[in-house]
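Chemist: Data: target.cif, mmCIF, C-alpha atoms and all ligand atoms.
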```
data_coords
#
loop_
_atom_site.label_atom_id
_atom_site.label_comp_id
_atom_site.auth_asym_id
_atom_site.auth_seq_id
_atom_site.Cartn_x
_atom_site.Cartn_y
_atom_site.Cartn_z
CA MET Q 45 -0.04 9.73 11.27
CA ALA Q 46 -0.92 13.11 9.77
CA GLU Q 47 -4.47 13.54 8.43
CA SER Q 48 -3.10 14.20 4.90
CA ASP Q 49 -1.24 10.83 4.92
CA LYS Q 50 -4.41 8.96 3.97
CA LEU Q 51 -5.51 11.44 1.31
CA PHE Q 52 -5.02 9.76 -2.07
CA ALA Q 53 -6.98 12.26 -4.16
CA GLY Q 54 -6.58 15.07 -6.73
CA SER Q 55 -3.67 14.23 -9.07
CA ILE Q 56 -2.31 11.50 -6.78
CA PRO Q 57 -4.35 8.51 -8.11
CA LYS Q 58 -3.12 9.06 -11.70
CA PHE Q 59 0.57 9.44 -10.74
CA TYR Q 60 0.22 6.63 -8.21
CA ASP Q 61 -1.16 4.21 -10.78
CA THR Q 62 1.11 5.11 -13.69
CA LEU Q 63 4.39 5.63 -11.79
CA MET Q 64 4.27 4.17 -8.26
CA VAL Q 65 2.51 0.91 -9.10
CA PRO Q 66 5.06 -0.32 -11.67
CA LEU Q 67 7.90 0.95 -9.46
CA ILE Q 68 7.17 -0.95 -6.22
CA PHE Q 69 3.63 -2.40 -5.98
CA GLU Q 70 3.45 -4.67 -9.02
CA ALA Q 71 6.40 -6.73 -7.72
CA TYR Q 72 4.31 -7.85 -4.72
CA ALA Q 73 0.85 -8.03 -6.31
CA ALA Q 74 1.30 -11.37 -8.08
CA GLY Q 75 2.48 -13.05 -4.86
CA MET Q 76 -0.46 -11.60 -2.91
CA ALA Q 77 -2.89 -12.81 -5.59
CA GLU Q 78 -1.39 -16.30 -5.50
CA LEU Q 79 -1.67 -16.47 -1.69
CA VAL Q 80 -5.36 -15.58 -1.91
CA ALA Q 81 -6.15 -17.87 -4.86
CA ALA Q 82 -4.41 -20.79 -3.11
CA CYS Q 83 -7.24 -20.72 -0.52
CA ALA Q 84 -9.77 -21.35 -3.35
CA PRO Q 85 -12.10 -18.78 -1.73
CA GLY Q 86 -15.79 -18.47 -2.53
CA ALA Q 87 -15.80 -14.86 -1.32
CA VAL Q 88 -12.89 -12.40 -1.08
CA LEU Q 89 -12.77 -8.93 0.41
CA GLU Q 90 -9.92 -6.63 -0.59
CA THR Q 91 -9.37 -3.56 1.60
CA ALA Q 92 -7.22 -0.51 0.76
CA ALA Q 93 -7.19 -1.76 -2.84
CA GLY Q 94 -5.90 1.55 -4.21
CA SER Q 95 -5.72 1.70 -7.98
CA GLY Q 96 -6.30 -2.05 -8.26
CA VAL Q 97 -2.93 -3.67 -8.86
CA VAL Q 98 -3.84 -6.75 -6.77
CA THR Q 99 -7.34 -6.86 -8.25
CA ARG Q 100 -5.83 -7.05 -11.76
CA ALA Q 101 -3.57 -9.92 -10.66
CA LEU Q 102 -6.19 -11.82 -8.66
CA ALA Q 103 -9.31 -11.63 -10.83
CA PRO Q 104 -7.88 -13.87 -13.61
CA ILE Q 105 -6.98 -16.66 -11.13
CA LEU Q 106 -10.10 -16.55 -8.92
CA GLY Q 107 -12.84 -19.14 -9.37
CA ALA Q 108 -15.56 -18.42 -11.93
CA GLY Q 109 -18.24 -18.35 -9.22
CA ALA Q 110 -16.29 -16.36 -6.63
CA ARG Q 111 -17.57 -13.11 -5.16
CA TYR Q 112 -14.84 -10.42 -5.06
CA VAL Q 113 -15.56 -7.19 -3.16
CA VAL Q 114 -12.93 -4.51 -3.76
CA THR Q 115 -12.82 -1.55 -1.37
CA ASP Q 116 -10.77 1.53 -0.52
CA LEU Q 117 -11.20 4.58 1.69
CA ASN Q 118 -10.65 6.97 -1.23
CA GLN Q 119 -13.27 6.80 -3.99
CA ALA Q 120 -10.82 8.41 -6.46
CA MET Q 121 -8.48 5.41 -6.17
CA LEU Q 122 -11.34 2.96 -6.66
CA ASP Q 123 -12.58 4.87 -9.72
CA HIS Q 124 -9.13 4.46 -11.23
CA ALA Q 125 -9.09 0.75 -10.38
CA ALA Q 126 -12.56 0.09 -11.78
CA ALA Q 127 -11.83 1.95 -15.03
CA ARG Q 128 -8.68 -0.12 -15.62
CA GLN Q 129 -10.31 -3.42 -14.66
CA GLY Q 130 -13.29 -3.25 -16.97
CA PHE Q 131 -16.49 -5.16 -16.36
CA ASP Q 132 -16.31 -8.39 -14.37
CA SER Q 133 -19.58 -9.74 -12.97
CA ARG Q 134 -17.78 -11.24 -9.93
CA ILE Q 135 -16.40 -7.86 -8.76
CA GLU Q 136 -18.25 -5.33 -6.58
CA TRP Q 137 -16.54 -1.95 -6.05
CA ARG Q 138 -17.33 -0.22 -2.79
CA GLN Q 139 -15.89 2.73 -0.88
CA ALA Q 140 -15.14 1.50 2.66
CA ASP Q 141 -12.96 2.30 5.64
CA ALA Q 142 -11.10 -0.87 6.66
CA LEU Q 143 -11.81 0.05 10.30
CA ALA Q 144 -15.60 0.14 9.83
CA LEU Q 145 -16.45 -2.42 7.16
CA PRO Q 146 -20.04 -2.28 5.87
CA PHE Q 147 -20.36 -6.09 5.76
CA GLU Q 148 -22.02 -8.80 7.84
CA ASP Q 149 -20.03 -10.92 10.26
CA ALA Q 150 -18.53 -14.10 8.76
CA SER Q 151 -19.16 -13.20 5.13
CA PHE Q 152 -15.75 -13.76 3.47
CA ASP Q 153 -13.26 -16.64 3.17
CA VAL Q 154 -10.28 -14.33 2.65
CA VAL Q 155 -9.59 -10.68 3.43
CA CYS Q 156 -6.55 -9.27 1.64
CA CYS Q 157 -4.86 -5.92 1.97
CA GLN Q 158 -1.64 -4.99 0.16
CA PHE Q 159 0.31 -2.13 1.79
CA GLY Q 160 -2.74 -0.63 3.48
CA ALA Q 161 -2.38 -1.48 7.20
CA MET Q 162 0.24 1.23 7.75
CA PHE Q 163 -2.49 3.78 7.05
CA PHE Q 164 -4.91 2.42 9.66
CA PRO Q 165 -5.12 4.88 12.59
CA ASP Q 166 -5.78 1.91 14.90
CA ARG Q 167 -4.33 -1.37 13.59
CA VAL Q 168 -5.88 -3.62 16.23
CA ALA Q 169 -9.30 -2.20 15.29
CA GLY Q 170 -8.56 -2.74 11.58
CA TYR Q 171 -7.40 -6.33 12.17
CA ALA Q 172 -10.44 -7.01 14.38
CA GLU Q 173 -12.69 -5.82 11.54
CA ALA Q 174 -10.97 -8.20 9.12
CA ARG Q 175 -11.47 -11.02 11.64
CA ARG Q 176 -15.13 -10.12 12.19
CA VAL Q 177 -16.01 -10.46 8.50
CA LEU Q 178 -14.04 -13.72 8.09
CA ARG Q 179 -15.85 -17.06 8.13
CA PRO Q 180 -14.51 -19.72 10.51
CA GLY Q 181 -11.23 -20.99 9.07
CA GLY Q 182 -10.84 -17.86 6.93
CA ARG Q 183 -7.53 -16.08 6.26
CA PHE Q 184 -6.34 -12.52 6.51
CA VAL Q 185 -3.46 -11.90 4.07
CA PHE Q 186 -1.69 -8.55 4.01
CA SER Q 187 1.64 -6.83 3.51
CA VAL Q 188 3.56 -3.90 4.97
CA TRP Q 189 6.85 -2.29 3.93
CA ASP Q 190 10.02 -2.96 5.88
CA ARG Q 191 12.00 -0.05 7.39
CA ILE Q 192 12.86 2.80 5.02
CA GLU Q 193 16.61 2.01 5.06
CA GLU Q 194 15.76 -1.30 3.30
CA ASN Q 195 13.85 0.55 0.57
CA ALA Q 196 16.51 2.44 -1.32
CA PHE Q 197 14.59 4.95 -3.47
CA ALA Q 198 12.18 5.93 -0.68
CA ASP Q 199 15.12 6.55 1.64
CA GLU Q 200 17.00 8.66 -0.91
CA VAL Q 201 13.92 10.71 -1.84
CA THR Q 202 13.13 11.37 1.83
CA GLN Q 203 16.65 12.69 2.46
CA ALA Q 204 16.67 14.82 -0.70
CA VAL Q 205 13.28 16.42 0.01
CA ALA Q 206 14.30 17.00 3.64
CA ALA Q 207 17.21 19.11 2.39
CA VAL Q 208 14.78 21.34 0.43
CA PHE Q 209 12.61 21.93 3.51
CA ALA Q 210 15.33 21.77 6.14
CA ARG Q 211 13.34 23.60 8.85
CA ASP Q 212 10.34 21.25 8.61
CA PRO Q 213 11.24 18.12 6.60
CA PRO Q 214 8.31 16.21 5.07
CA ARG Q 215 8.52 12.76 6.66
CA PHE Q 216 5.48 11.03 5.11
CA LEU Q 217 7.43 8.10 3.63
CA ALA Q 218 9.34 7.29 6.82
CA ARG Q 219 6.40 7.99 9.12
CA THR Q 220 3.59 6.09 7.39
CA PRO Q 221 4.40 3.60 4.58
CA HIS Q 222 7.70 2.68 6.27
CA GLY Q 223 6.59 3.31 9.85
CA TYR Q 224 5.13 -0.11 10.69
CA HIS Q 225 7.75 -2.82 10.18
CA ASP Q 226 8.34 -4.33 13.63
CA VAL Q 227 7.31 -7.97 13.19
CA ALA Q 228 6.99 -8.52 16.96
CA LEU Q 229 4.53 -5.61 17.13
CA ILE Q 230 2.60 -6.92 14.11
CA ARG Q 231 2.27 -10.34 15.78
CA GLU Q 232 1.23 -8.77 19.05
CA GLU Q 233 -1.43 -6.56 17.43
CA LEU Q 234 -2.81 -9.46 15.38
CA GLY Q 235 -3.01 -11.52 18.58
CA ARG Q 236 -4.92 -8.74 20.32
CA ALA Q 237 -7.36 -8.71 17.40
CA GLY Q 238 -8.01 -12.45 17.82
CA PHE Q 239 -5.64 -14.04 15.29
CA ALA Q 240 -3.94 -17.19 16.57
CA GLU Q 241 -1.85 -18.55 13.68
CA ILE Q 242 0.45 -15.97 12.14
CA GLU Q 243 3.05 -16.50 9.41
CA ILE Q 244 5.34 -13.65 8.36
CA GLU Q 245 7.68 -13.79 5.38
CA THR Q 246 10.13 -10.97 4.69
CA ARG Q 247 10.49 -10.68 0.94
CA ALA Q 248 13.07 -8.64 -0.99
CA GLU Q 249 12.44 -7.46 -4.54
CA VAL Q 250 14.04 -5.04 -7.00
CA SER Q 251 12.47 -1.71 -7.89
CA ARG Q 252 13.13 -0.48 -11.42
CA ALA Q 253 12.42 2.87 -13.10
CA PRO Q 254 13.16 4.10 -16.64
CA SER Q 255 14.94 7.11 -15.12
CA ALA Q 256 15.70 8.90 -11.85
CA ARG Q 257 13.08 11.51 -12.84
CA ASP Q 258 10.36 8.83 -13.12
CA ALA Q 259 11.14 7.46 -9.66
CA ALA Q 260 11.34 10.96 -8.15
CA SER Q 261 7.99 11.95 -9.73
CA ALA Q 262 6.42 8.73 -8.46
CA TYR Q 263 7.30 9.41 -4.82
CA CYS Q 264 6.92 13.23 -4.84
CA GLN Q 265 3.77 13.45 -6.94
CA GLY Q 266 2.05 10.06 -6.73
CA THR Q 267 1.89 9.67 -2.94
CA PRO Q 268 0.65 11.84 -0.04
CA LEU Q 269 4.24 13.19 0.15
CA ARG Q 270 2.82 15.57 -2.46
CA ASN Q 271 0.30 16.90 0.10
CA GLU Q 272 3.12 17.59 2.56
CA ILE Q 273 5.29 19.36 -0.02
CA GLU Q 274 2.43 21.52 -1.28
CA ALA Q 275 1.43 22.42 2.30
CA ARG Q 276 4.92 23.87 2.82
CA ASN Q 277 5.18 25.66 -0.53
CA ALA Q 278 2.37 25.57 -3.09
CA ALA Q 279 4.94 26.05 -5.88
CA GLY Q 280 7.55 23.74 -4.38
CA LEU Q 281 6.59 20.46 -6.04
CA GLU Q 282 8.91 20.85 -9.03
CA GLU Q 283 11.84 21.96 -6.86
CA ALA Q 284 11.37 18.95 -4.57
CA THR Q 285 11.01 16.57 -7.53
CA MET Q 286 14.21 17.99 -9.09
CA ALA Q 287 16.11 17.58 -5.81
CA ALA Q 288 14.95 13.96 -5.55
CA THR Q 289 15.83 13.34 -9.22
CA GLY Q 290 19.36 14.67 -8.67
CA ALA Q 291 19.91 12.56 -5.55
CA LEU Q 292 18.63 9.37 -7.21
CA ALA Q 293 20.75 9.99 -10.33
CA ARG Q 294 23.88 10.59 -8.25
CA ARG Q 295 23.38 7.33 -6.31
CA PHE Q 296 21.86 5.04 -8.96
CA GLY Q 297 23.03 6.59 -12.23
CA SER Q 298 21.51 8.29 -15.25
CA GLY Q 299 19.34 6.18 -17.55
CA PRO Q 300 17.32 3.27 -16.12
CA ILE Q 301 17.84 2.77 -12.37
CA GLU Q 302 17.20 -0.02 -9.91
CA GLY Q 303 17.25 -0.32 -6.13
CA ARG Q 304 16.31 -2.77 -3.42
CA ILE Q 305 12.88 -2.92 -1.78
CA ARG Q 306 11.75 -5.14 1.10
CA ALA Q 307 8.40 -5.96 2.67
CA HIS Q 308 6.73 -8.30 5.17
CA VAL Q 309 3.96 -10.55 3.81
CA ILE Q 310 1.65 -11.83 6.54
CA ALA Q 311 -0.98 -14.58 6.62
CA ALA Q 312 -3.12 -14.88 9.74
CA THR Q 313 -5.98 -17.15 10.83
CA PRO Q 314 -8.18 -16.65 13.91
C1 LIG R 1 -0.06 2.53 -0.58
S1 LIG R 1 -1.73 2.45 -1.11
C2 LIG R 1 -1.88 0.71 -1.47
C3 LIG R 1 -2.92 0.46 -2.54
C4 LIG R 1 -2.94 -0.93 -3.17
N1 LIG R 1 -3.29 -1.94 -2.22
C5 LIG R 1 -1.63 -1.24 -3.85
O1 LIG R 1 -0.98 -2.23 -3.50
O2 LIG R 1 -1.26 -0.49 -4.78
C6 LIG R 1 -2.63 2.63 0.38
C7 LIG R 1 -4.14 2.69 0.17
O3 LIG R 1 -4.77 2.66 1.44
C8 LIG R 1 -5.96 3.40 1.35
N2 LIG R 1 -6.40 3.67 2.71
C9 LIG R 1 -5.87 4.53 3.61
N3 LIG R 1 -6.54 4.45 4.78
C10 LIG R 1 -7.50 3.51 4.62
C11 LIG R 1 -8.53 2.98 5.47
N4 LIG R 1 -8.67 3.41 6.71
N5 LIG R 1 -9.34 2.06 4.95
C12 LIG R 1 -9.22 1.62 3.68
N6 LIG R 1 -8.28 2.08 2.84
C13 LIG R 1 -7.43 3.01 3.30
C14 LIG R 1 -5.56 4.59 0.51
O4 LIG R 1 -6.68 5.24 -0.06
C15 LIG R 1 -4.65 3.94 -0.52
O5 LIG R 1 -5.36 3.59 -1.68
#
```
Since I need it in another form, could you write the structure as structure tokens?
Modeler:
Amino acid sequence: MAESDKLFAGSIPKFYDTLMVPLIFEAYAAGMAELVAACAPGAVLETAAGSGVVTRALAPILGAGARYVVTDLNQAMLDHAAARQGFDSRIEWRQADALALPFEDASFDVVCCQFGAMFFPDRVAGYAEARRVLRPGGRFVFSVWDRIEENAFADEVTQAVAAVFARDPPRFLARTPHGYHDVALIREELGRAGFAEIEIETRAEVSRAPSARDAASAYCQGTPLRNEIEARNAAGLEEATMAATGALARRFGSGPIEGRIRAHVIAATP
């Protein structure tokens, strides 16, 4: 993983929250929230919470007395999440690396993490941290994207942007968000981190955007793909976004577009 892959800062949080979240993250947030709430937890830790799409889905269905600690590596993402959430006395916002959690052992009933594990530089260490802070009988619930070929817009955008920078194609989407989809490897790494019972469901959804331009802007400007494009050509963002727009429109049509997305949803207990 490149260092810039985990940098969700600058203009990225705003584009991420307004364009990426409705495009692909909202579809999975309600299911994640239901999985967590079904455990009736007294204390929940969310890692890699981003701009708070799961927090917004989970807070209304969590118990009135529950403690809900919401964390992310990038403070800018958390600021966005907290501003949208508004005050809730059960929620604590805290900047935290999922690989070095600033919490006591055995302090949560559930740890949840939607589409964050792909960014962990060492997944076994990240999973072991989740296990460390879980109480006996606690659950770790998380999700990762399936391979890029099963996620139509991401695949198309990656190919279109590669054509703009043919000598050194930006591969963020394939390398990181869609680079950790092997369920046998996920099971093996969870086992090494001390998880014994592991359930994995592969779930398909539909991604919808008002236009090809919206979807192209979401991927090119609302994710760390932006960092990769700007590193190659500081003025190249618009050219790359236009190339992605054209490719999406040719494949999915002008006007509102839709394409398939697919992810693995995992629940693990020590
Ligand atoms: C694709 S976003 C997912 C955000 C949110 N869970 C959602 O579903 O919209 C990935 C998030 O992981 C965060 N992240 C990256 N590395 C991390 C780490 N080591 N610990 C905690 N969060 C991390 C990023 O800041 C980013 O907000």
Chemist: Skipping near chain neighbours, those fewer than 5 positions away, what residues fall within 12 Å of Met64 in chain Q using only C-alpha atoms, listed as an MDAnalysis selection string?
Modeler: chainID Q and resid 56:59 69:71 94:95 97 197:198 251:253 258:268
Chemist: Quick one: distance from CA of Arg270 in chain Q to CA of Gly96 in chain Q in Å, one decimal?
Modeler: 20.7 Å
Chemist: What lies within 12 Å of Phe296 in chain Q using all atoms listed in the file, ignoring chain neighbours under 2 positions off, as JSON, numbers by chain?
Modeler: {"Q": [196, 197, 200, 251, 252, 253, 254, 255, 256, 257, 259, 288, 289, 290, 291, 292, 293, 294, 298, 299, 300, 301, 302, 303, 304]}
Chemist: Using all atoms listed in the file, tabulate the residues of chain Q lying at most 9 Å from any atom of ligand LIG 1 (chain R), each with its closest atom pair and that distance in Å to one decimal, by chain and increasing residue number, as CSV.
Modeler:
```
residue,atom,partner,partner_atom,distance
Q:Asp49,CA,R:LIG1,C9,7.9
Q:Lys50,CA,R:LIG1,C9,4.7
Q:Leu51,CA,R:LIG1,O4,6.5
Q:Phe52,CA,R:LIG1,O4,5.2
Q:Ala53,CA,R:LIG1,O4,8.1
Q:Pro57,CA,R:LIG1,O5,8.2
Q:Tyr60,CA,R:LIG1,O2,8.0
Q:Asp61,CA,R:LIG1,O2,7.6
Q:Met64,CA,R:LIG1,O2,8.0
Q:Val65,CA,R:LIG1,O2,5.9
Q:Ile68,CA,R:LIG1,O2,8.6
Q:Phe69,CA,R:LIG1,O1,5.2
Q:Glu70,CA,R:LIG1,O1,7.5
Q:Tyr72,CA,R:LIG1,O1,7.8
Q:Ala73,CA,R:LIG1,O1,6.7
Q:Glu90,CA,R:LIG1,N1,8.3
Q:Thr91,CA,R:LIG1,C12,5.6
Q:Ala92,CA,R:LIG1,N6,3.5
Q:Ala93,CA,R:LIG1,N1,4.0
Q:Gly94,CA,R:LIG1,O5,3.3
Q:Ser95,CA,R:LIG1,O2,5.9
Q:Gly96,CA,R:LIG1,C4,6.2
Q:Val97,CA,R:LIG1,O2,5.4
Q:Val98,CA,R:LIG1,O1,6.3
Q:Thr99,CA,R:LIG1,N1,8.8
Q:Thr115,CA,R:LIG1,C12,7.0
Q:Asp116,CA,R:LIG1,N6,4.2
Q:Leu117,CA,R:LIG1,N6,4.0
Q:Asn118,CA,R:LIG1,O4,4.5
Q:Gln119,CA,R:LIG1,O4,7.8
Q:Ala120,CA,R:LIG1,O4,8.3
Q:Met121,CA,R:LIG1,O5,5.8
Q:Leu122,CA,R:LIG1,O5,7.8
Q:Gln139,CA,R:LIG1,C12,8.2
Q:Ala140,CA,R:LIG1,C12,6.0
Q:Asp141,CA,R:LIG1,N5,3.7
Q:Ala142,CA,R:LIG1,N5,3.8
Q:Leu143,CA,R:LIG1,N4,5.8
Q:Ala144,CA,R:LIG1,N5,8.2
Q:Leu145,CA,R:LIG1,N5,8.7
Q:Cys156,CA,R:LIG1,N1,8.9
Q:Cys157,CA,R:LIG1,N1,6.0
Q:Gln158,CA,R:LIG1,N1,4.2
Q:Phe159,CA,R:LIG1,C2,4.8
Q:Gly160,CA,R:LIG1,O3,4.4
Q:Ala161,CA,R:LIG1,O3,7.5
Q:Met162,CA,R:LIG1,C6,8.0
Q:Phe163,CA,R:LIG1,N3,4.7
Q:Phe164,CA,R:LIG1,N4,4.9
Q:Pro165,CA,R:LIG1,N4,7.0
Q:Asp166,CA,R:LIG1,N4,8.8
Q:Gly170,CA,R:LIG1,N4,7.8
Q:Ser187,CA,R:LIG1,O1,8.8
Q:Pro221,CA,R:LIG1,C1,6.9
Q:Thr267,CA,R:LIG1,C1,7.8
```
Chemist: Using all atoms listed in the file, tabulate the residues of range 141-235 of chain Q lying at most 12 Å from any atom of range 281-286 of chain Q, each with its closest atom pair and that distance in Å to one decimal, by chain and increasing residue number, as a Markdown table.
Modeler:
```
| residue | atom | partner | partner_atom | distance |
| --- | --- | --- | --- | --- |
| Q:Glu200 | CA | Q:Thr285 | CA | 11.9 |
| Q:Val201 | CA | Q:Thr285 | CA | 8.7 |
| Q:Thr202 | CA | Q:Ala284 | CA | 10.1 |
| Q:Gln203 | CA | Q:Ala284 | CA | 10.8 |
| Q:Ala204 | CA | Q:Ala284 | CA | 7.8 |
| Q:Val205 | CA | Q:Ala284 | CA | 5.6 |
| Q:Ala206 | CA | Q:Ala284 | CA | 8.9 |
| Q:Ala207 | CA | Q:Ala284 | CA | 9.1 |
| Q:Val208 | CA | Q:Ala284 | CA | 6.5 |
| Q:Phe209 | CA | Q:Ala284 | CA | 8.7 |
| Q:Ala210 | CA | Q:Ala284 | CA | 11.8 |
| Q:Pro213 | CA | Q:Ala284 | CA | 11.2 |
| Q:Pro214 | CA | Q:Ala284 | CA | 10.5 |
```
Chemist: Grab the residues selected above and save them as a PDB file, in the coordinates of the input with C-alpha atoms.
Modeler:
```pdb
ATOM      1  CA  GLU Q 200      17.000   8.660  -0.910  1.00  0.00           C
ATOM      2  CA  VAL Q 201      13.920  10.710  -1.840  1.00  0.00           C
ATOM      3  CA  THR Q 202      13.130  11.370   1.830  1.00  0.00           C
ATOM      4  CA  GLN Q 203      16.650  12.690   2.460  1.00  0.00           C
ATOM      5  CA  ALA Q 204      16.670  14.820  -0.700  1.00  0.00           C
ATOM      6  CA  VAL Q 205      13.280  16.420   0.010  1.00  0.00           C
ATOM      7  CA  ALA Q 206      14.300  17.000   3.640  1.00  0.00           C
ATOM      8  CA  ALA Q 207      17.210  19.110   2.390  1.00  0.00           C
ATOM      9  CA  VAL Q 208      14.780  21.340   0.430  1.00  0.00           C
ATOM     10  CA  PHE Q 209      12.610  21.930   3.510  1.00  0.00           C
ATOM     11  CA  ALA Q 210      15.330  21.770   6.140  1.00  0.00           C
ATOM     12  CA  PRO Q 213      11.240  18.120   6.600  1.00  0.00           C
ATOM     13  CA  PRO Q 214       8.310  16.210   5.070  1.00  0.00           C
TER      14      PRO Q 214
END
```
Chemist: Mind checking which residues fall within 12 Å of Ala110 in chain Q, counting all atoms listed in the file, ignoring those fewer than 5 positions away in the same chain, and posting them as a VMD selection string?
Modeler: chain Q and resid 80 to 81 83 to 89 102 to 105 132 to 136 152 to 154
Chemist: Would you work out the distance separating CA of Ser151 in chain Q from CA of Gly182 in chain Q, expressed in Å to one decimal?
Modeler: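 We find that CA of Ser151 in chain Q and CA of Gly182 in chain Q lie 9.7 Å from each other.
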Chemist: Could you check the closest approach to Ala150 in chain Q for each of Q:Arg176, Q:Arg167, Q:Arg231, Q:His225 and tell me which residue wins, using only C-alpha atoms?
Modeler: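 Of Q:Arg176, Q:Arg167, Q:Arg231, Q:His225, the one nearest Ala150 in chain Q, counting only C-alpha atoms, is Q:Arg176.
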Chemist: For each of Q:His222, Q:Arg236, Q:Arg191, Q:Arg183, take the minimum atom-to-atom distance to Ile310 in chain Q, counting all atoms listed in the file, then give the residue where this is smallest.
Modeler: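 Nearest to Ile310 in chain Q: Q:Arg183.
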Chemist: Tell me, in Å to one decimal, how far CA of Tyr171 in chain Q is from CA of Ala237 in chain Q.
Modeler: 5.7 Å
Chemist: Which is closest to Glu78 in chain Q among Q:Ala101, Q:Asp190, Q:Val113, Q:Glu249, if we use all atoms listed in the file?
Modeler: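 Between Q:Ala101, Q:Asp190, Q:Val113, Q:Glu249, the residue approaching Glu78 in chain Q most closely is Q:Ala101.
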Chemist: Taking 2 positions as the minimum chain separation for residues in the same chain, which residues sit within 7 Å of Glu243 in chain Q when counting all atoms listed in the file? Answer as a list in words.
Modeler: Glu241, Glu245, Ile310, Ala311 and Ala312 of chain Q
Chemist: Can you tell me which residues surround Thr246 in chain Q at a distance of at most 8 Å, considering only C-alpha atoms, apart from same-chain residues fewer than 6 positions away, and format the answer as a list of chain:residue names?
Modeler: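 After dropping sequence-adjacent residues, the list is Q:Arg306, Q:Ala307, Q:His308, Q:Val309.
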Chemist: Take range 264-303 of chain Q from the preceding structure and save C-alpha atoms as an mmCIF file, in the first residue's frame.
Modeler:
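Okay, result.cif is ready:
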```
data_model
loop_
_atom_site.group_PDB
_atom_site.id
_atom_site.type_symbol
_atom_site.label_atom_id
_atom_site.label_comp_id
_atom_site.auth_asym_id
_atom_site.auth_seq_id
_atom_site.Cartn_x
_atom_site.Cartn_y
_atom_site.Cartn_z
ATOM 1 C CA CYS Q 264 -11.305 10.677 -8.854
ATOM 2 C CA GLN Q 265 -11.812 13.443 -6.301
ATOM 3 C CA GLY Q 266 -13.346 11.833 -3.208
ATOM 4 C CA THR Q 267 -10.817 9.037 -2.637
ATOM 5 C CA PRO Q 268 -7.007 8.851 -2.339
ATOM 6 C CA LEU Q 269 -6.991 8.216 -6.124
ATOM 7 C CA ARG Q 270 -6.980 12.019 -6.135
ATOM 8 C CA ASN Q 271 -3.593 12.027 -4.338
ATOM 9 C CA GLU Q 272 -2.154 9.700 -6.991
ATOM 10 C CA ILE Q 273 -3.486 11.771 -9.903
ATOM 11 C CA GLU Q 274 -2.233 15.049 -8.438
ATOM 12 C CA ALA Q 275 1.189 13.513 -7.724
ATOM 13 C CA ARG Q 276 1.528 12.750 -11.449
ATOM 14 C CA ASN Q 277 0.182 16.071 -12.724
ATOM 15 C CA ALA Q 278 -0.949 18.839 -10.367
ATOM 16 C CA ALA Q 279 -3.363 20.094 -13.048
ATOM 17 C CA GLY Q 280 -4.467 16.646 -14.206
ATOM 18 C CA LEU Q 281 -7.483 16.119 -11.962
ATOM 19 C CA GLU Q 282 -10.029 17.558 -14.392
ATOM 20 C CA GLU Q 283 -8.565 15.654 -17.352
ATOM 21 C CA ALA Q 284 -8.699 12.385 -15.399
ATOM 22 C CA THR Q 285 -12.251 13.080 -14.184
ATOM 23 C CA MET Q 286 -13.351 13.839 -17.776
ATOM 24 C CA ALA Q 287 -11.769 10.614 -19.051
ATOM 25 C CA ALA Q 288 -13.566 8.624 -16.344
ATOM 26 C CA THR Q 289 -16.848 10.436 -17.094
ATOM 27 C CA GLY Q 290 -16.573 9.570 -20.793
ATOM 28 C CA ALA Q 291 -15.813 5.906 -20.100
ATOM 29 C CA LEU Q 292 -18.690 5.549 -17.616
ATOM 30 C CA ALA Q 293 -21.127 7.287 -19.982
ATOM 31 C CA ARG Q 294 -20.110 5.051 -22.898
ATOM 32 C CA ARG Q 295 -20.642 1.885 -20.831
ATOM 33 C CA PHE Q 296 -23.590 2.858 -18.603
ATOM 34 C CA GLY Q 297 -25.291 5.636 -20.577
ATOM 35 C CA SER Q 298 -25.963 9.340 -20.205
ATOM 36 C CA GLY Q 299 -28.373 10.425 -17.468
ATOM 37 C CA PRO Q 300 -28.637 8.387 -14.248
ATOM 38 C CA ILE Q 301 -26.389 5.302 -14.235
ATOM 39 C CA GLU Q 302 -26.216 2.111 -12.216
ATOM 40 C CA GLY Q 303 -23.694 -0.705 -11.875
#
```
